[in-house]
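Quick look at start.txt (compact mmCIF, C-alpha atoms and all ligand atoms):
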# COMPACT_ATOMS: atom_id res chain seq x y z
CA MET P 638 -17.49 -1.24 -13.80
CA LEU P 639 -15.49 1.11 -16.02
CA THR P 640 -15.71 4.82 -15.16
CA LYS P 641 -14.21 7.60 -17.23
CA ILE P 642 -12.31 10.06 -15.03
CA SER P 643 -10.69 12.23 -17.71
CA GLU P 644 -10.23 12.34 -21.49
CA SER P 645 -7.84 9.35 -21.52
CA CYS P 646 -8.09 7.93 -17.97
CA PHE P 647 -10.48 5.38 -16.54
CA CYS P 648 -11.09 3.56 -13.29
CA ILE P 649 -12.27 -0.02 -12.84
CA LYS P 650 -13.78 -0.36 -9.37
CA GLY P 651 -13.35 -3.57 -7.43
CA HIS P 652 -11.71 -4.74 -4.18
CA VAL P 653 -8.89 -2.56 -5.40
CA ASN P 654 -9.23 0.31 -7.86
CA ILE P 655 -7.57 -0.36 -11.19
CA GLY P 656 -6.43 2.54 -13.35
CA TYR P 657 -6.53 2.42 -17.13
CA ILE P 658 -5.24 4.82 -19.78
CA THR P 659 -5.59 4.57 -23.53
CA LYS P 660 -3.70 6.45 -26.24
CA ASN P 661 -3.07 5.88 -29.94
CA GLY P 662 -4.81 2.50 -29.90
CA GLN P 663 -2.75 1.21 -26.96
CA GLY P 664 -3.73 0.47 -23.38
CA LEU P 665 -1.98 0.79 -20.01
CA LEU P 666 -3.26 -0.67 -16.75
CA ILE P 667 -2.27 0.53 -13.31
CA ASP P 668 -2.36 -2.53 -11.03
CA CYS P 669 -4.22 -5.71 -11.89
CA GLY P 670 -6.15 -7.15 -8.93
CA LEU P 671 -5.72 -10.08 -6.54
CA ASP P 672 -5.56 -13.07 -8.86
CA LYS P 673 -6.30 -14.65 -12.24
CA GLY P 674 -10.06 -14.21 -11.65
CA ALA P 675 -9.70 -10.48 -10.98
CA ALA P 676 -7.45 -10.07 -14.04
CA LYS P 677 -9.95 -11.96 -16.23
CA LYS P 678 -12.72 -9.58 -15.09
CA ILE P 679 -10.59 -6.56 -16.01
CA VAL P 680 -9.84 -8.02 -19.45
CA LYS P 681 -13.56 -8.76 -19.99
CA ILE P 682 -14.54 -5.16 -19.12
CA LEU P 683 -11.89 -3.77 -21.49
CA LYS P 684 -13.06 -6.11 -24.28
CA GLU P 685 -16.70 -5.11 -23.78
CA ASN P 686 -15.66 -1.50 -24.21
CA GLN P 687 -13.35 -2.33 -27.15
CA LEU P 688 -10.34 -1.01 -25.28
CA PRO P 689 -6.82 -2.35 -25.94
CA LEU P 690 -4.32 -3.65 -23.37
CA HIS P 691 -0.53 -3.75 -23.78
CA TYR P 692 1.16 -2.67 -20.55
CA CYS P 693 0.63 -2.81 -16.80
CA ILE P 694 2.35 -0.77 -14.08
CA ILE P 695 2.36 -2.38 -10.64
CA THR P 696 2.42 0.35 -7.99
CA HIS P 697 3.62 -1.95 -5.20
CA GLY P 698 4.13 -5.61 -4.38
CA HIS P 699 0.97 -6.35 -2.38
CA VAL P 700 -1.02 -9.24 -3.77
CA ASP P 701 -4.27 -7.29 -4.24
CA HIS P 702 -2.32 -5.03 -6.63
CA TYR P 703 -0.12 -7.55 -8.51
CA GLY P 704 -1.79 -11.00 -8.15
CA GLY P 705 -3.41 -10.83 -11.61
CA ALA P 706 -0.10 -9.99 -13.34
CA ALA P 707 1.01 -13.57 -14.05
CA TYR P 708 -2.19 -14.22 -16.01
CA LEU P 709 -1.89 -10.98 -18.01
CA GLN P 710 1.73 -11.76 -18.82
CA LYS P 711 1.27 -15.43 -19.77
CA GLU P 712 -2.04 -15.25 -21.58
CA LEU P 713 -1.98 -11.78 -23.13
CA GLN P 714 1.75 -10.95 -23.26
CA VAL P 715 1.15 -7.76 -21.29
CA GLU P 716 4.45 -6.04 -20.39
CA LEU P 717 4.86 -5.42 -16.65
CA TYR P 718 6.58 -2.48 -14.97
CA SER P 719 7.26 -1.57 -11.36
CA SER P 720 9.86 0.07 -9.11
CA LYS P 721 13.04 -1.93 -8.57
CA LEU P 722 12.29 -2.68 -4.92
CA GLU P 723 8.61 -3.61 -5.37
CA SER P 724 9.55 -5.82 -8.34
CA SER P 725 11.33 -8.11 -5.85
CA PHE P 726 7.98 -8.95 -4.23
CA VAL P 727 6.29 -9.59 -7.58
CA ALA P 728 9.13 -11.86 -8.69
CA ASN P 729 9.42 -13.57 -5.25
CA PRO P 730 5.93 -13.58 -3.68
CA ILE P 731 7.11 -15.60 -0.64
CA LEU P 732 8.85 -12.44 0.61
CA GLU P 733 5.65 -11.01 2.11
CA PRO P 734 4.92 -14.08 4.31
CA ILE P 735 8.64 -14.08 5.18
CA TYR P 736 8.72 -10.49 6.44
CA LEU P 737 5.44 -10.89 8.28
CA TRP P 738 6.89 -13.96 10.04
CA ASN P 739 9.90 -12.04 11.36
CA GLY P 740 12.13 -13.17 8.51
CA ALA P 741 11.80 -16.87 9.30
CA MET P 742 10.42 -19.43 6.88
CA PRO P 743 6.68 -18.71 7.07
CA ILE P 744 4.16 -21.15 8.54
CA LYS P 745 1.71 -22.70 6.05
CA GLU P 746 -1.17 -20.57 7.31
CA LEU P 747 0.57 -17.50 5.86
CA ARG P 748 1.13 -19.06 2.45
CA ASN P 749 -2.31 -18.16 1.12
CA LYS P 750 -3.43 -16.20 -1.94
CA PHE P 751 -4.03 -13.01 0.06
CA LEU P 752 -0.40 -12.81 1.20
CA GLU P 753 1.42 -14.70 -1.56
CA GLY P 754 0.44 -14.19 -5.20
CA GLU P 755 1.55 -15.90 -8.38
CA GLU P 756 5.01 -14.73 -9.43
CA ALA P 757 5.42 -12.61 -12.53
CA HIS P 758 8.38 -11.16 -14.39
CA ILE P 759 8.87 -7.38 -14.49
CA ALA P 760 10.01 -6.23 -17.96
CA SER P 761 11.62 -3.00 -16.76
CA PHE P 762 12.08 -0.97 -13.58
CA LEU P 763 10.50 2.47 -13.26
CA ASN P 764 12.60 5.16 -11.59
CA GLU P 765 11.24 8.36 -10.13
CA GLY P 766 10.66 11.14 -12.68
CA PHE P 767 9.54 11.40 -16.28
CA GLN P 768 9.06 8.04 -18.02
CA GLN P 769 7.75 6.72 -21.30
CA ILE P 770 6.16 3.37 -22.13
CA GLY P 771 4.94 3.07 -25.74
CA PRO P 772 2.78 6.15 -26.43
CA PHE P 773 2.36 6.91 -22.69
CA SER P 774 4.38 9.70 -21.08
CA PHE P 775 4.01 10.14 -17.34
CA ASN P 776 5.68 11.05 -14.10
CA VAL P 777 6.64 8.39 -11.59
CA LEU P 778 6.35 9.60 -7.99
CA SER P 779 8.03 7.87 -5.09
CA PHE P 780 5.41 7.15 -2.41
CA PRO P 781 7.10 5.08 0.32
CA GLY P 782 5.44 4.38 3.68
CA HIS P 783 2.68 1.88 2.95
CA SER P 784 5.32 -0.29 1.29
CA TYR P 785 9.05 0.21 0.81
CA GLY P 786 9.23 1.32 -2.80
CA GLN P 787 5.64 2.15 -3.74
CA ILE P 788 5.14 4.43 -6.74
CA GLY P 789 2.33 6.73 -7.84
CA ILE P 790 1.69 7.59 -11.49
CA PHE P 791 0.82 11.11 -12.68
CA ILE P 792 -0.54 10.98 -16.20
CA ASP P 793 -2.72 13.43 -18.14
CA GLU P 794 -3.26 15.51 -14.96
CA ILE P 795 -4.60 12.50 -13.01
CA LEU P 796 -2.77 11.05 -10.03
CA PHE P 797 -2.98 7.28 -9.57
CA ALA P 798 -1.98 7.29 -5.92
CA ALA P 799 -1.94 3.52 -5.08
CA ASP P 800 -2.14 2.93 -1.31
CA SER P 801 -0.34 6.14 -0.35
CA TYR P 802 -3.67 7.20 1.19
CA PHE P 803 -7.07 5.60 1.77
CA GLY P 804 -10.59 6.91 1.26
CA VAL P 805 -12.15 8.24 4.49
CA GLU P 806 -14.56 5.30 4.76
CA VAL P 807 -11.76 2.76 4.23
CA LEU P 808 -9.67 4.52 6.85
CA LYS P 809 -12.52 4.28 9.38
CA LYS P 810 -12.96 0.58 8.66
CA HIS P 811 -9.26 -0.31 9.06
CA LYS P 812 -8.68 2.00 12.08
CA VAL P 813 -4.96 1.26 11.76
CA PRO P 814 -3.87 1.26 8.10
CA PHE P 815 -1.11 -1.04 6.92
CA ILE P 816 2.25 0.77 6.87
CA VAL P 817 5.90 -0.21 7.04
CA ASP P 818 7.25 3.27 7.83
CA ALA P 819 5.24 5.94 9.69
CA LYS P 820 7.66 8.80 8.97
CA ALA P 821 7.75 8.03 5.23
CA THR P 822 3.94 7.61 5.19
CA LEU P 823 3.50 11.11 6.63
CA GLU P 824 6.09 12.63 4.27
CA THR P 825 4.34 11.01 1.29
CA LEU P 826 0.98 12.39 2.50
CA GLU P 827 2.44 15.93 2.82
CA LYS P 828 3.80 15.59 -0.73
CA ILE P 829 0.35 14.58 -2.06
CA TYR P 830 -1.42 17.29 -0.03
CA ASN P 831 0.51 19.93 -1.96
CA PHE P 832 0.35 18.14 -5.30
CA ILE P 833 -1.58 19.91 -8.05
CA CYS P 834 -3.72 17.59 -10.18
CA GLN P 835 -7.19 17.43 -11.72
CA GLY P 836 -8.07 14.45 -9.56
CA ALA P 837 -6.66 11.44 -7.77
CA LEU P 838 -7.57 7.80 -7.45
CA PRO P 839 -6.42 5.82 -4.40
CA GLY P 840 -6.15 2.02 -4.43
CA HIS P 841 -9.02 1.84 -1.95
CA GLY P 842 -11.57 4.66 -1.89
CA GLU P 843 -13.20 7.06 -4.32
CA PHE P 844 -11.86 9.15 -7.18
CA GLU P 845 -11.88 12.78 -6.02
CA THR P 846 -11.10 16.07 -7.75
CA ASP P 847 -10.29 17.72 -4.43
CA ILE P 848 -8.33 15.33 -2.21
CA LYS P 849 -7.19 17.73 0.53
CA ARG P 850 -9.86 16.68 3.06
CA THR P 851 -9.13 12.98 2.51
CA ILE P 852 -5.36 13.48 2.73
CA TYR P 853 -5.83 15.49 5.91
CA ALA P 854 -7.90 12.66 7.44
CA ASN P 855 -5.04 10.25 6.65
CA ILE P 856 -2.42 12.56 8.20
CA GLU P 857 -4.60 12.96 11.29
CA CYS P 858 -5.04 9.18 11.62
CA HIS P 859 -1.29 8.49 11.69
CA GLU P 860 -0.49 11.47 13.91
CA ASN P 861 -3.15 10.41 16.42
CA ILE P 862 -1.70 6.89 16.59
CA LEU P 863 1.82 8.24 17.16
CA LYS P 864 0.50 10.62 19.85
CA TYR P 865 -1.44 7.84 21.54
CA LEU P 866 1.56 5.47 21.65
CA LEU P 867 3.83 8.20 22.99
CA SER P 868 1.33 9.29 25.67
CA ARG P 869 0.88 5.66 26.72
CA LEU P 870 4.66 5.26 27.02
CA GLU P 871 4.93 8.44 29.08
CA VAL P 872 2.88 6.95 31.93
CA GLU P 873 5.12 3.86 32.12
CA GLU P 874 7.87 5.12 34.41
CA ASN P 875 9.91 1.95 34.10
CA GLY P 876 9.09 1.39 30.50
CA ILE P 877 7.03 -1.41 28.98
CA SER P 878 7.74 -4.42 26.79
CA MET P 879 7.12 -4.11 23.07
CA GLU P 880 4.58 -6.99 23.35
CA ASN P 881 2.62 -5.47 26.24
CA LEU P 882 2.33 -2.10 24.56
CA GLN P 883 1.13 -3.87 21.42
CA THR P 884 -1.64 -5.60 23.40
CA ILE P 885 -2.72 -2.26 24.92
CA PHE P 886 -2.64 -0.71 21.43
CA PHE P 887 -4.81 -3.50 19.93
CA HIS P 888 -7.32 -3.00 22.79
CA GLN P 889 -7.39 0.76 22.43
CA TYR P 890 -8.06 0.60 18.68
CA GLU P 891 -10.41 -2.38 19.04
CA LEU P 892 -8.45 -4.39 16.51
CA SER P 893 -9.82 -7.87 16.20
CA PRO P 894 -7.91 -9.55 13.36
CA ALA P 895 -9.72 -12.60 11.99
CA ASN P 896 -6.59 -14.71 11.47
CA VAL P 897 -2.84 -14.87 12.10
CA GLY P 898 -2.07 -13.08 8.83
CA ALA P 899 -4.30 -10.12 9.73
CA TRP P 900 -2.78 -10.00 13.25
CA LEU P 901 0.72 -9.88 11.73
CA LEU P 902 -0.24 -7.09 9.34
CA TYR P 903 -1.39 -5.00 12.32
CA ARG P 904 1.81 -5.89 14.17
CA THR P 905 3.86 -4.58 11.24
CA SER P 906 1.99 -1.25 11.38
CA TYR P 907 2.48 -1.09 15.16
CA THR P 908 6.20 -1.79 14.69
CA ALA P 909 6.37 0.93 12.03
CA TYR P 910 4.96 3.54 14.46
CA ILE P 911 7.40 2.41 17.18
CA SER P 912 10.33 2.65 14.70
CA THR P 913 9.41 6.26 13.95
CA LEU P 914 9.23 7.15 17.67
CA VAL P 915 12.64 5.53 18.17
CA GLU P 916 14.17 7.21 15.10
CA LYS P 917 12.83 10.59 16.25
CA GLY P 918 14.67 10.09 19.55
CA LEU P 919 11.44 10.12 21.60
CA VAL P 920 11.63 6.49 22.67
CA THR P 921 14.56 4.20 23.45
CA ILE P 922 14.62 0.48 22.88
CA SER P 923 16.69 -2.01 24.87
CA ILE P 924 16.56 -5.59 26.13
CA HIS P 925 15.15 -6.08 29.59
CA ASP P 926 13.96 -9.29 31.22
CA HIS P 927 14.51 -11.14 27.89
CA LYS P 928 12.11 -8.74 26.18
CA LEU P 929 12.40 -5.78 23.83
CA TRP P 930 11.79 -2.89 26.20
CA LEU P 931 10.46 0.56 25.34
CA ARG P 932 11.00 3.67 27.40
CA CYS P 933 10.39 7.38 26.84
CA SER P 934 13.64 9.27 26.31
ZN ZN B 1 -1.08 -2.16 -0.48
Could you rewrite the structure in this file as structure tokens?
Amino acid sequence: MLTKISESCFCIKGHVNIGYITKNGQGLLIDCGLDKGAAKKIVKILKENQLPLHYCIITHGHVDHYGGAAYLQKELQVELYSSKLESSFVANPILEPIYLWNGAMPIKELRNKFLEGEEAHIASFLNEGFQQIGPFSFNVLSFPGHSYGQIGIFIDEILFAADSYFGVEVLKKHKVPFIVDAKATLETLEKIYNFICQGALPGHGEFETDIKRTIYANIECHENILKYLLSRLEVEENGISMENLQTIFFHQYELSPANVGAWLLYRTSYTAYISTLVEKGLVTISIHDHKLWLRCS
């Protein structure tokens, strides 16, 4: 379903929210869905509304945001753009299963369409700051935390925020959102909290004109997790292994991943929170009894 959110901006709701902007007879997509099927649906909706399509910005290299790109590029010659770092994942989709599997060659179970999309070629990298593609002028914002080089797009007073934050309902459902860097996630959220715009659209959640309450809920979620992990470490006088704390953490947050891939995604988030505690100097990490060992500083 296509929803108008400002004079030139639209949203196509689905498993992931797709942004769309039209100007001077040209069309720009922001993200393009999980796969060929999702991309076809987007194209059909645009056609039904007689809206053009020429360009697509990929906010970050997660399959639900870039999986449809190969189809758009091959079949409709849509030009693709992304940040330099996230482009690596779009051009080499095996990288996500690789990092989830600790950098080793991933097991077959991880090589599925939810973790590894169809590769596509990025026409040009988008750097932070003012940018122009065809008739579209916009600001590229650096939103690291959920992924390494995620970008947000600020165009015609609307912020397309990607997965820098989640809608309150989505947050409740996930309990522990996917992140690769807790410190960067919180810094990105602070940046968005103070950002002045007419409205913002997250990758998962609702378009809102006032996003402060939603952003605050996201900040609270990450801060609570960091506080919980630190408090749990404080009671372990001799420290605890990285694995054991992870098990306690999964219990506490009632995480019940349905498959190995989902378990690994949660492990990455857990690792990201631990990294931040270590980098802040609150926790030390060493090797003890053949295990990675965590201790309060
Ligand atoms: Zn994502």
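Each of P:Val700, P:Ala895, P:Leu823, P:Ala707 was compared to ligand ZN 1 (chain B) using all atoms listed in the file, and P:Val700 turns out to be the nearest.
Comparing P:Ile679, P:Val727, P:Ile792, P:Val915 by their smallest distance to His699 (chain P), the closest is P:Val727 (using all atoms listed in the file).
Using all atoms listed in the file for every distance, the candidate list P:Phe647, P:Phe767, P:Phe815, P:Tyr736 yields P:Phe815 as the residue closest to ligand ZN 1 (chain B).
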**OP:** Return as a ChimeraX atom specification the residues of protein, DNA or RNA that approach ligand ZN 1 (chain B) to within 12 Å, with all atoms listed in the file taken into account.
**Re:** /P:652-654,668,670-671,695-704,723,726,733,751-752,780-788,798-803,814-817,839-841,902
Around all the atoms of region 768-782 of chain P listed in the file, draw an axis-aligned box and extend it by 5 Å on each of the six sides; I want its centre and edge lengths in Å to one decimal, as AutoDock Vina command-line options.
--center_x 5.7 --center_y 7.1 --center_z -11.4 --size_x 16.7 --size_y 18.0 --size_z 40.1
Subject >> Shell of 12 Å around region 864-867 of chain P, all atoms listed in the file, local chain residues under 4 positions omitted, as a PyMOL selection string >> reply: chain P and resi 857-860+871-873+876-877+879+881-887+889-890+907-915+917-921+931-934
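What separates CA of Glu746 (chain P) from CA of Gly705 (chain P) is a distance of 21.4 Å.
Among the candidates P:Leu929, P:Ile848, P:Val807, P:Val897, the one nearest to Leu737 (chain P) when counting all atoms listed in the file is P:Val897.
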